[in-house]
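*Asks:* Dropping in my_file_5.cif, which is mmCIF, C-alpha atoms (C1' of nucleotides):
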```
data_upload
loop_
_atom_site.label_atom_id
_atom_site.label_comp_id
_atom_site.auth_asym_id
_atom_site.auth_seq_id
_atom_site.Cartn_x
_atom_site.Cartn_y
_atom_site.Cartn_z
CA MET A 110 0.00 0.00 0.00
CA VAL A 111 1.33 3.41 -0.98
CA THR A 112 -0.12 6.57 0.55
CA VAL A 113 0.12 9.97 -1.09
CA ARG A 114 -1.28 13.35 -0.14
CA ASN A 115 -2.42 15.70 -2.89
CA ASP A 116 -4.98 18.50 -2.84
CA ASN A 117 -5.42 18.36 -6.58
CA PHE A 118 -6.33 14.71 -6.96
CA SER A 119 -9.89 13.43 -7.06
CA ALA A 120 -10.36 9.84 -8.14
CA GLN A 121 -14.03 10.54 -8.66
CA GLN A 122 -13.39 13.53 -10.91
CA ILE A 123 -10.74 11.68 -12.90
CA CYS A 124 -13.23 8.85 -13.30
CA MET A 125 -16.00 11.17 -14.47
CA SER A 126 -13.85 13.41 -16.63
CA GLY A 127 -14.28 11.11 -19.60
CA GLN A 128 -10.65 10.74 -20.54
CA CYS A 129 -10.36 7.18 -19.25
CA PHE A 130 -13.16 4.71 -19.77
CA ARG A 131 -11.69 1.81 -17.84
CA MET A 132 -11.73 3.35 -14.39
CA GLU A 133 -14.81 2.96 -12.24
CA GLN A 134 -16.02 3.34 -8.73
CA CYS A 135 -16.13 -0.12 -7.17
CA GLY A 136 -16.98 0.67 -3.57
CA GLU A 137 -17.26 3.43 -1.01
CA ASN A 138 -14.41 5.82 -1.89
CA LYS A 139 -12.84 3.00 -3.85
CA TYR A 140 -11.89 2.95 -7.54
CA CYS A 141 -10.67 0.21 -9.86
CA LEU A 142 -8.91 0.63 -13.16
CA THR A 143 -6.89 -1.17 -15.77
CA ALA A 144 -4.33 0.70 -17.81
CA GLY A 145 -1.51 -0.44 -20.00
CA GLY A 146 -2.36 -4.02 -19.09
CA ASN A 147 -2.06 -3.33 -15.35
CA TYR A 148 -4.79 -3.41 -12.73
CA LEU A 149 -5.04 -1.04 -9.77
CA GLU A 150 -7.38 -0.36 -6.90
CA LEU A 151 -7.18 2.89 -5.02
CA SER A 152 -9.16 4.58 -2.32
CA GLN A 153 -9.33 8.17 -1.22
CA GLN A 154 -10.32 10.18 1.84
CA GLU A 155 -10.07 13.92 1.32
CA ASP A 156 -6.55 14.60 0.08
CA LEU A 157 -5.21 11.21 1.19
CA ILE A 158 -4.89 8.65 -1.58
CA LEU A 159 -4.15 4.98 -0.97
CA PHE A 160 -2.73 3.05 -3.90
CA ASP A 161 -3.11 -0.70 -3.45
CA CYS A 162 0.25 -1.70 -4.88
CA THR A 163 3.90 -1.93 -3.93
CA GLN A 164 6.09 1.14 -3.72
CA GLU A 165 8.07 -0.25 -6.61
CA GLU A 166 4.98 -0.55 -8.82
CA TYR A 167 3.83 2.91 -7.83
CA ASP A 168 7.18 4.44 -8.72
CA LYS A 169 7.38 2.53 -11.97
CA ILE A 170 3.81 2.93 -13.23
CA TRP A 171 1.23 4.90 -11.32
CA ASN A 172 3.20 7.97 -10.30
CA ASP A 173 3.62 8.76 -13.96
CA TYR A 174 0.20 7.51 -15.03
CA PHE A 175 -1.55 9.95 -12.71
CA ASP A 176 0.85 12.74 -13.63
CA MET A 177 1.80 13.19 -9.98
CA LYS A 178 4.86 15.26 -10.74
CA THR A 179 2.78 18.08 -12.24
CA ASP A 180 1.67 20.85 -9.89
CA TYR A 181 -1.96 21.47 -10.83
CA ALA A 182 -2.45 24.04 -8.08
CA LYS A 183 0.19 26.14 -9.75
CA ILE A 184 -1.56 25.89 -13.11
CA ILE A 185 -4.86 26.94 -11.56
CA ALA A 186 -3.12 29.81 -9.79
CA GLY A 187 -1.99 31.04 -13.19
CA ILE A 188 -5.53 31.61 -14.40
CA ASP A 189 -6.42 35.21 -15.26
CA PRO A 190 -8.26 36.51 -12.16
CA ALA A 191 -10.45 38.57 -14.47
CA ASP A 192 -11.67 35.39 -16.16
CA SER A 193 -14.26 34.39 -13.59
CA TYR A 194 -15.76 31.65 -15.76
CA LEU A 195 -12.45 29.83 -16.05
CA ALA A 196 -11.64 30.38 -12.38
CA VAL A 197 -14.96 28.83 -11.35
CA ALA A 198 -14.60 25.93 -13.79
CA ALA A 199 -11.09 25.13 -12.54
CA GLU A 200 -12.15 25.28 -8.91
CA TYR A 201 -15.06 22.97 -9.72
CA GLY A 202 -12.81 20.35 -11.33
CA LYS A 203 -9.55 20.95 -9.51
CA GLY A 204 -9.07 17.24 -8.79
CA ILE A 205 -8.85 16.33 -12.47
CA ARG A 206 -5.48 15.26 -13.83
CA ILE A 207 -4.40 14.58 -17.39
CA LEU A 208 -3.42 10.93 -17.35
CA HIS A 209 -0.58 9.32 -19.29
CA GLN A 210 -2.53 6.66 -21.13
CA ASP A 211 -1.67 4.12 -23.78
CA LEU A 212 -1.66 5.35 -27.37
CA TRP A 213 -3.40 2.39 -28.99
CA GLU A 214 -6.01 2.32 -26.24
CA MET A 215 -6.76 6.00 -26.74
CA ILE A 216 -7.02 5.69 -30.53
CA ILE A 217 -9.70 3.02 -30.21
CA SER A 218 -11.43 4.66 -27.26
CA PHE A 219 -11.83 8.02 -28.96
CA LEU A 220 -12.85 6.50 -32.28
CA ILE A 221 -15.68 4.96 -30.28
CA SER A 222 -16.39 8.19 -28.40
CA GLN A 223 -17.63 10.15 -31.39
CA GLN A 224 -21.35 10.96 -31.41
CA ASN A 225 -21.65 8.75 -28.36
CA ASN A 226 -22.19 9.05 -24.62
CA ILE A 227 -19.82 8.06 -21.84
CA LYS A 228 -21.99 5.28 -20.50
CA ARG A 229 -22.22 3.55 -23.84
CA ILE A 230 -18.54 4.17 -24.62
CA ARG A 231 -17.67 2.31 -21.43
CA ARG A 232 -19.91 -0.59 -22.38
CA CYS A 233 -18.44 -0.85 -25.87
CA ILE A 234 -14.87 -0.83 -24.59
CA GLY A 235 -15.75 -3.32 -21.87
CA LEU A 236 -17.12 -5.73 -24.45
CA LEU A 237 -14.07 -5.33 -26.67
CA CYS A 238 -11.81 -6.14 -23.73
CA GLU A 239 -13.84 -9.16 -22.64
CA ARG A 240 -14.00 -10.60 -26.12
CA TYR A 241 -10.60 -9.69 -27.55
CA GLY A 242 -8.39 -8.80 -24.59
CA GLU A 243 -6.05 -11.13 -22.76
CA LYS A 244 -7.35 -12.57 -19.48
CA ARG A 245 -5.18 -11.67 -16.53
CA VAL A 246 -5.13 -11.94 -12.76
CA SER A 247 -3.87 -9.13 -10.54
CA ALA A 248 -1.50 -9.61 -7.61
CA GLY A 249 -4.56 -9.42 -5.38
CA GLY A 250 -6.31 -12.19 -7.29
CA ILE A 251 -8.71 -9.97 -9.24
CA ARG A 252 -9.51 -11.20 -12.73
CA TYR A 253 -9.50 -8.60 -15.47
CA PHE A 254 -8.98 -8.16 -19.20
CA ALA A 255 -6.17 -6.28 -20.84
CA PHE A 256 -7.03 -3.95 -23.71
CA PRO A 257 -7.12 -5.86 -27.03
CA THR A 258 -4.00 -5.66 -29.16
CA PRO A 259 -4.11 -4.36 -32.76
CA GLY A 260 -3.70 -7.94 -33.94
CA ALA A 261 -6.61 -9.20 -31.89
CA LEU A 262 -8.91 -6.50 -33.26
CA ALA A 263 -7.64 -6.99 -36.81
CA ASP A 264 -8.70 -10.63 -36.56
CA ALA A 265 -12.25 -9.72 -35.57
CA SER A 266 -14.84 -9.60 -38.33
CA LEU A 267 -16.90 -6.49 -38.96
CA ASP A 268 -19.97 -8.35 -37.73
CA ASP A 269 -18.18 -9.25 -34.51
CA LEU A 270 -17.32 -5.59 -33.96
CA TYR A 271 -20.91 -4.54 -34.63
CA ALA A 272 -21.93 -7.06 -31.99
CA CYS A 273 -19.95 -5.04 -29.47
CA GLY A 274 -22.37 -2.17 -30.06
CA LEU A 275 -19.88 -0.06 -31.98
CA GLY A 276 -22.31 0.72 -34.79
CA TYR A 277 -20.89 2.63 -37.75
CA ARG A 278 -17.63 3.09 -35.82
CA SER A 279 -16.89 -0.63 -36.38
CA LYS A 280 -15.26 0.06 -39.74
CA TYR A 281 -13.05 2.73 -38.15
CA ILE A 282 -11.83 0.25 -35.53
CA ALA A 283 -11.22 -2.46 -38.12
CA GLN A 284 -9.21 -0.16 -40.36
CA ALA A 285 -7.21 1.28 -37.48
CA ALA A 286 -6.22 -2.23 -36.43
CA ASP A 287 -5.25 -3.10 -40.01
CA ARG A 288 -3.20 0.07 -40.45
CA VAL A 289 -1.21 -0.59 -37.29
CA CYS A 290 -0.69 -4.27 -38.12
CA HIS A 291 0.52 -3.41 -41.63
CA GLY A 292 2.80 -0.66 -40.40
CA GLU A 293 0.96 2.16 -42.20
CA THR A 294 0.51 3.72 -38.79
CA ASP A 295 3.61 3.36 -36.60
CA LEU A 296 2.67 3.84 -32.97
CA SER A 297 6.23 4.02 -31.66
CA GLN A 298 7.01 6.63 -34.29
CA ILE A 299 4.00 8.73 -33.28
CA ARG A 300 5.09 8.58 -29.66
CA MET A 301 8.25 10.43 -30.57
CA MET A 302 6.56 13.17 -32.58
CA ASP A 303 5.62 16.65 -31.46
CA TYR A 304 2.00 17.79 -31.38
CA GLU A 305 1.78 18.98 -34.98
CA GLY A 306 3.42 15.85 -36.35
CA ALA A 307 1.45 13.41 -34.24
CA ARG A 308 -1.81 15.17 -35.05
CA ARG A 309 -1.10 15.10 -38.78
CA GLU A 310 -0.25 11.41 -38.62
CA LEU A 311 -3.36 10.53 -36.61
CA LEU A 312 -5.58 12.44 -39.04
CA GLN A 313 -4.51 10.01 -41.77
CA MET A 314 -6.60 7.35 -40.06
CA TYR A 315 -10.15 6.73 -41.28
CA GLY A 316 -12.59 8.02 -38.69
CA VAL A 317 -10.08 10.23 -36.92
CA GLY A 318 -11.00 13.91 -37.29
CA THR A 319 -9.60 16.95 -35.53
CA LYS A 320 -11.48 16.41 -32.27
CA VAL A 321 -10.51 12.76 -31.89
CA ALA A 322 -6.91 13.46 -32.92
CA ASP A 323 -6.61 16.16 -30.28
CA CYS A 324 -8.03 13.87 -27.60
CA ILE A 325 -5.43 11.25 -28.48
CA CYS A 326 -2.64 13.82 -28.43
CA LEU A 327 -3.75 15.10 -25.04
CA PHE A 328 -4.58 11.88 -23.23
CA ALA A 329 -2.02 9.48 -24.70
CA LEU A 330 0.89 11.67 -25.75
CA HIS A 331 0.40 14.24 -22.99
CA GLN A 332 0.64 17.07 -25.50
CA THR A 333 -1.07 19.56 -23.26
CA ASP A 334 -1.13 22.23 -25.93
CA ALA A 335 -3.81 20.14 -27.69
CA PHE A 336 -7.26 21.63 -27.14
CA PRO A 337 -10.02 19.24 -28.26
CA ARG A 338 -13.12 21.07 -29.48
CA ASP A 339 -16.34 19.16 -28.94
CA THR A 340 -19.92 20.37 -28.73
CA HIS A 341 -19.49 21.47 -25.10
CA ILE A 342 -16.30 23.39 -25.74
CA ASN A 343 -17.74 25.04 -28.84
CA LYS A 344 -20.77 26.11 -26.84
CA VAL A 345 -18.61 27.63 -24.10
CA MET A 346 -16.26 29.27 -26.60
CA ALA A 347 -19.19 31.01 -28.27
CA ALA A 348 -20.72 32.12 -24.97
CA GLN A 349 -17.64 32.99 -22.90
CA TYR A 350 -14.87 33.68 -25.43
CA PRO A 351 -16.42 35.44 -28.43
CA ASP A 352 -13.01 36.97 -29.23
CA GLY A 353 -11.24 33.62 -28.90
CA PHE A 354 -9.68 31.67 -26.05
CA PRO A 355 -6.40 33.23 -24.81
CA PHE A 356 -4.05 30.48 -26.01
CA GLU A 357 -1.12 32.93 -25.96
CA ARG A 358 -1.49 33.33 -22.23
CA TYR A 359 -1.92 29.68 -21.35
CA GLY A 360 0.29 27.95 -23.89
CA ASN A 361 0.98 24.35 -22.91
CA ASN A 362 -1.61 24.48 -20.15
CA SER A 363 -4.46 25.06 -22.61
CA GLY A 364 -5.32 21.37 -22.83
CA ILE A 365 -5.54 21.08 -19.06
CA LEU A 366 -7.83 24.09 -18.89
CA GLN A 367 -9.94 22.52 -21.63
CA GLN A 368 -10.61 19.62 -19.28
CA TYR A 369 -11.78 21.93 -16.51
CA ILE A 370 -14.11 23.69 -18.94
CA PHE A 371 -15.43 20.45 -20.40
CA TYR A 372 -15.98 18.85 -17.01
CA TYR A 373 -17.67 21.94 -15.63
CA ASP A 374 -20.02 22.30 -18.58
CA LEU A 375 -20.87 18.61 -18.55
CA ASN A 376 -21.53 18.27 -14.82
CA LYS A 377 -22.55 21.60 -13.33
CA LYS A 378 -26.15 21.86 -12.24
"C1'" DT B 267 -41.82 9.14 -31.47
"C1'" DA B 268 -38.08 12.25 -31.95
"C1'" DT B 269 -33.90 13.70 -30.21
"C1'" DC B 270 -29.32 13.43 -28.65
"C1'" DA B 271 -24.67 11.82 -27.17
"C1'" DG B 272 -17.31 14.81 -26.10
"C1'" DG B 273 -17.92 13.59 -34.87
"C1'" DC B 274 -16.54 12.23 -39.12
"C1'" DC B 275 -16.93 11.22 -44.05
"C1'" DC B 276 -18.45 12.49 -48.36
"C1'" DT B 277 -20.45 15.31 -51.80
"C1'" DA B 278 -21.95 19.90 -53.66
"C1'" DG B 279 -21.73 24.56 -54.46
"C1'" DC C 199 -13.95 26.76 -47.44
"C1'" DT C 200 -18.73 25.97 -45.77
"C1'" DA C 201 -23.08 23.38 -45.64
"C1'" DG C 202 -25.76 19.41 -45.17
"C1'" DG C 203 -27.14 14.47 -45.20
"C1'" DG C 204 -26.12 9.96 -43.41
"C1'" DC C 205 -24.52 6.98 -39.96
"C1'" DC C 206 -25.26 2.60 -35.15
"C1'" DT C 207 -27.53 2.49 -30.85
"C1'" DG C 208 -29.44 3.04 -26.18
"C1'" DA C 209 -31.50 6.41 -23.10
"C1'" DT C 210 -34.97 9.89 -22.17
#
```
Mind converting the file's structure to structure tokens?
*Replies:*
Amino acid sequence: MVTVRNDNFSAQQICMSGQCFRMEQCGENKYCLTAGGNYLELSQQEDLILFDCTQEEYDKIWNDYFDMKTDYAKIIAGIDPADSYLAVAAEYGKGIRILHQDLWEMIISFLISQQNNIKRIRRCIGLLCERYGEKRVSAGGIRYFAFPTPGALADASLDDLYACGLGYRSKYIAQAADRVCHGETDLSQIRMMDYEGARRELLQMYGVGTKVADCICLFALHQTDAFPRDTHINKVMAAQYPDGFPFERYGNNSGILQQYIFYYDLNKK
DNA sequence: TATCAGGCCCTAG
DNA sequence: CTAGGGCCTGAT
């Protein structure tokens, strides 16, 4: 068990932020997730977080995964005090963190996310994992499924993918798997690219448009200058930033602020 | 029953 | 470059 204190960490907000679809609440103040083929349970009371793993595993995997080295309080403190909307949004979602997730997993997840809702996205991904992911057992004896490999998804028929509830996105998934298997899309190459390069490369994929590409850049490659524009963001941009969002001021923190705005617009009463 | 959910592709003009 | 129709499906 590893304990960490952090004021800007909320497992619940991370779970609900819609950047990871394989993390869920599985008890009172308890959360379960699989990522990069690993399984983790964590619990939280106030600012105290308990990671159910060894110190070695925490140092090797989860510290980076949860972006623990980034000071989110500092980023929030840098918000223009005159921008009350952004200040309120950031305060509302101050426990959100931009995770360091797997590239392949994010490509598939955000292909599925288009014109879709979070609940159904989770169900689709869950089915893909159950049917095409490798069965594994955690150190604590919990059975789970790893995310399906490109090869496993390339072997699935279009009908099989439809049966996972993917709908018209099935053909996007199938082609993405084929591209990666045939080397037309080189994941390790994309990992080394900068934002512009990675984005351009991702846009070559059938079914990947600007919004999905930016989500992949932000959540898998941690390119925090990426600023995904979805229906919520567009709505807020029109209402709160008629003269444009101040990207010059926020630079590489723009993508993080996007998450506060998105989360606030999606969840505020 | 119609609409919508963190869009994208394709075709016209 | 912009506009609009079509697309799977489950929830409300």
*Asks:* Find the residues in chain B near chain A: any atom within 12 Å counts, using all atoms listed in the file. Write them as a short mmCIF file (atom, residue, chain, number, x, y, z; two decimals) with C-alpha atoms (C1' of nucleotides), in the coordinates of the input.
*Replies:*
```cif
data_model
loop_
_atom_site.label_atom_id
_atom_site.label_comp_id
_atom_site.auth_asym_id
_atom_site.auth_seq_id
_atom_site.Cartn_x
_atom_site.Cartn_y
_atom_site.Cartn_z
"C1'" DC B 270 -29.32 13.43 -28.65
"C1'" DA B 271 -24.67 11.82 -27.17
"C1'" DG B 272 -17.31 14.81 -26.10
"C1'" DG B 273 -17.92 13.59 -34.87
"C1'" DC B 274 -16.54 12.23 -39.12
"C1'" DC B 275 -16.93 11.22 -44.05
#
```
*Asks:* Give me the result of the PyMOL selection byres ((chain C and resi 205) around 8) on this file, residue by residue, as a PyMOL selection string.
*Replies:* (chain A and resi 277) or (chain C and resi 204+206)
*Asks:* May I ask for the distance between atom CA of A:Ile365 and atom CA of A:Leu149, given in Å to one decimal place?
*Replies:*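 Atom CA of A:Ile365 sits 24.0 Å away from atom CA of A:Leu149.
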*Asks:* Grab the atom CA of A:Leu142 to atom CA of A:Arg231 distance for me, in Å with one decimal place.
*Replies:*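 Separation of atom CA of A:Leu142 and atom CA of A:Arg231: 12.2 Å.
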*Asks:* Can you tell me, as a list of chain:residue names, what residues are no more than 12 Å from A:Cys290 when counting all atoms listed in the file, ignoring any on the same chain fewer than 2 positions away?
*Replies:*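 Once the adjacent positions are removed, what remains is A:Trp213, A:Thr258, A:Pro259, A:Gly260, A:Ala261, A:Leu262, A:Ala263, A:Asp264, A:Ala283, A:Gln284, A:Ala285, A:Ala286, A:Asp287, A:Arg288, A:Gly292, A:Glu293, A:Thr294, A:Asp295, A:Leu296.
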*Asks:* Using C-alpha atoms, can you write the selected residues to a file as a compact mmCIF listing (two decimals), keeping the file's coordinate frame?
*Replies:*
```txt
# COMPACT_ATOMS: atom_id res chain seq x y z
CA TRP A 213 -3.40 2.39 -28.99
CA THR A 258 -4.00 -5.66 -29.16
CA PRO A 259 -4.11 -4.36 -32.76
CA GLY A 260 -3.70 -7.94 -33.94
CA ALA A 261 -6.61 -9.20 -31.89
CA LEU A 262 -8.91 -6.50 -33.26
CA ALA A 263 -7.64 -6.99 -36.81
CA ASP A 264 -8.70 -10.63 -36.56
CA ALA A 283 -11.22 -2.46 -38.12
CA GLN A 284 -9.21 -0.16 -40.36
CA ALA A 285 -7.21 1.28 -37.48
CA ALA A 286 -6.22 -2.23 -36.43
CA ASP A 287 -5.25 -3.10 -40.01
CA ARG A 288 -3.20 0.07 -40.45
CA GLY A 292 2.80 -0.66 -40.40
CA GLU A 293 0.96 2.16 -42.20
CA THR A 294 0.51 3.72 -38.79
CA ASP A 295 3.61 3.36 -36.60
CA LEU A 296 2.67 3.84 -32.97
```
*Asks:* Could you tell me which residues the PyMOL selection byres ((chain C and resi 200) around 12) returns for this structure, as an mmCIF file with C-alpha atoms (C1' of nucleotides), in the frame of the given file?
*Replies:*
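out.cif was written with the following content:
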```cif
data_model
loop_
_atom_site.group_PDB
_atom_site.id
_atom_site.type_symbol
_atom_site.label_atom_id
_atom_site.label_comp_id
_atom_site.auth_asym_id
_atom_site.auth_seq_id
_atom_site.Cartn_x
_atom_site.Cartn_y
_atom_site.Cartn_z
ATOM 1 C "C1'" DA B 278 -21.950 19.900 -53.660
ATOM 2 C "C1'" DG B 279 -21.730 24.560 -54.460
ATOM 3 C "C1'" DC C 199 -13.950 26.760 -47.440
ATOM 4 C "C1'" DA C 201 -23.080 23.380 -45.640
ATOM 5 C "C1'" DG C 202 -25.760 19.410 -45.170
#
```
*Asks:* Could you spell out the hits of the PyMOL selection byres ((chain A and resi 146) around 8) on the shown file, as a PyMOL selection string?
*Replies:* chain A and resi 143-145+147-148+254-256
*Asks:* When you count only C-alpha atoms (C1' of nucleotides), which of these residues is closest to chain C: A:Gly187, A:Gly136, A:Gly353, A:Gly274?
*Replies:*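 Of all the options, A:Gly274 lies closest to chain C.
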*Asks:* List the spatial neighbours of A:Asn376 as a ChimeraX atom specification - criterion: any atom at most 12 Å away, only C-alpha atoms (C1' of nucleotides), same-chain residues fewer than 6 positions off excluded.
*Replies:* /A:122,125-127,198,201-202,341,368-370
*Asks:* In Å to one decimal, how far is atom CA of A:Gln298 from atom CA of A:Ser266?
*Replies:*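 Separation between atom CA of A:Ser266 and atom CA of A:Gln298: 27.5 Å.
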*Asks:* Nearest residue to chain C out of A:Ser193, A:Gly306, A:Leu270, A:Ile185, using only C-alpha atoms (C1' of nucleotides)?
*Replies:* A:Leu270
*Asks:* Would you kindly return, as JSON, numbers by chain, each protein, DNA or RNA residue with an atom no farther than 12 Å from any atom of A:Pro190, considering all atoms listed in the file and excluding same-chain residues fewer than 6 positions away?
*Replies:* {"A": [196, 197, 199]}
*Asks:* Within 9 Å of A:Ile184, counting only C-alpha atoms (C1' of nucleotides), which residues show up once you throw out same-chain ones fewer than 5 positions away? Write them as a list in words, please.
*Replies:* Thr179, Asn362, Ile365 and Leu366 of chain A
*Asks:* Could you write out the selected residues, including C-alpha atoms, as a short mmCIF file (atom, residue, chain, number, x, y, z; two decimals), in the coordinates of the input?
*Replies:*
```cif
data_model
loop_
_atom_site.label_atom_id
_atom_site.label_comp_id
_atom_site.auth_asym_id
_atom_site.auth_seq_id
_atom_site.Cartn_x
_atom_site.Cartn_y
_atom_site.Cartn_z
CA THR A 179 2.78 18.08 -12.24
CA ASN A 362 -1.61 24.48 -20.15
CA ILE A 365 -5.54 21.08 -19.06
CA LEU A 366 -7.83 24.09 -18.89
#
```
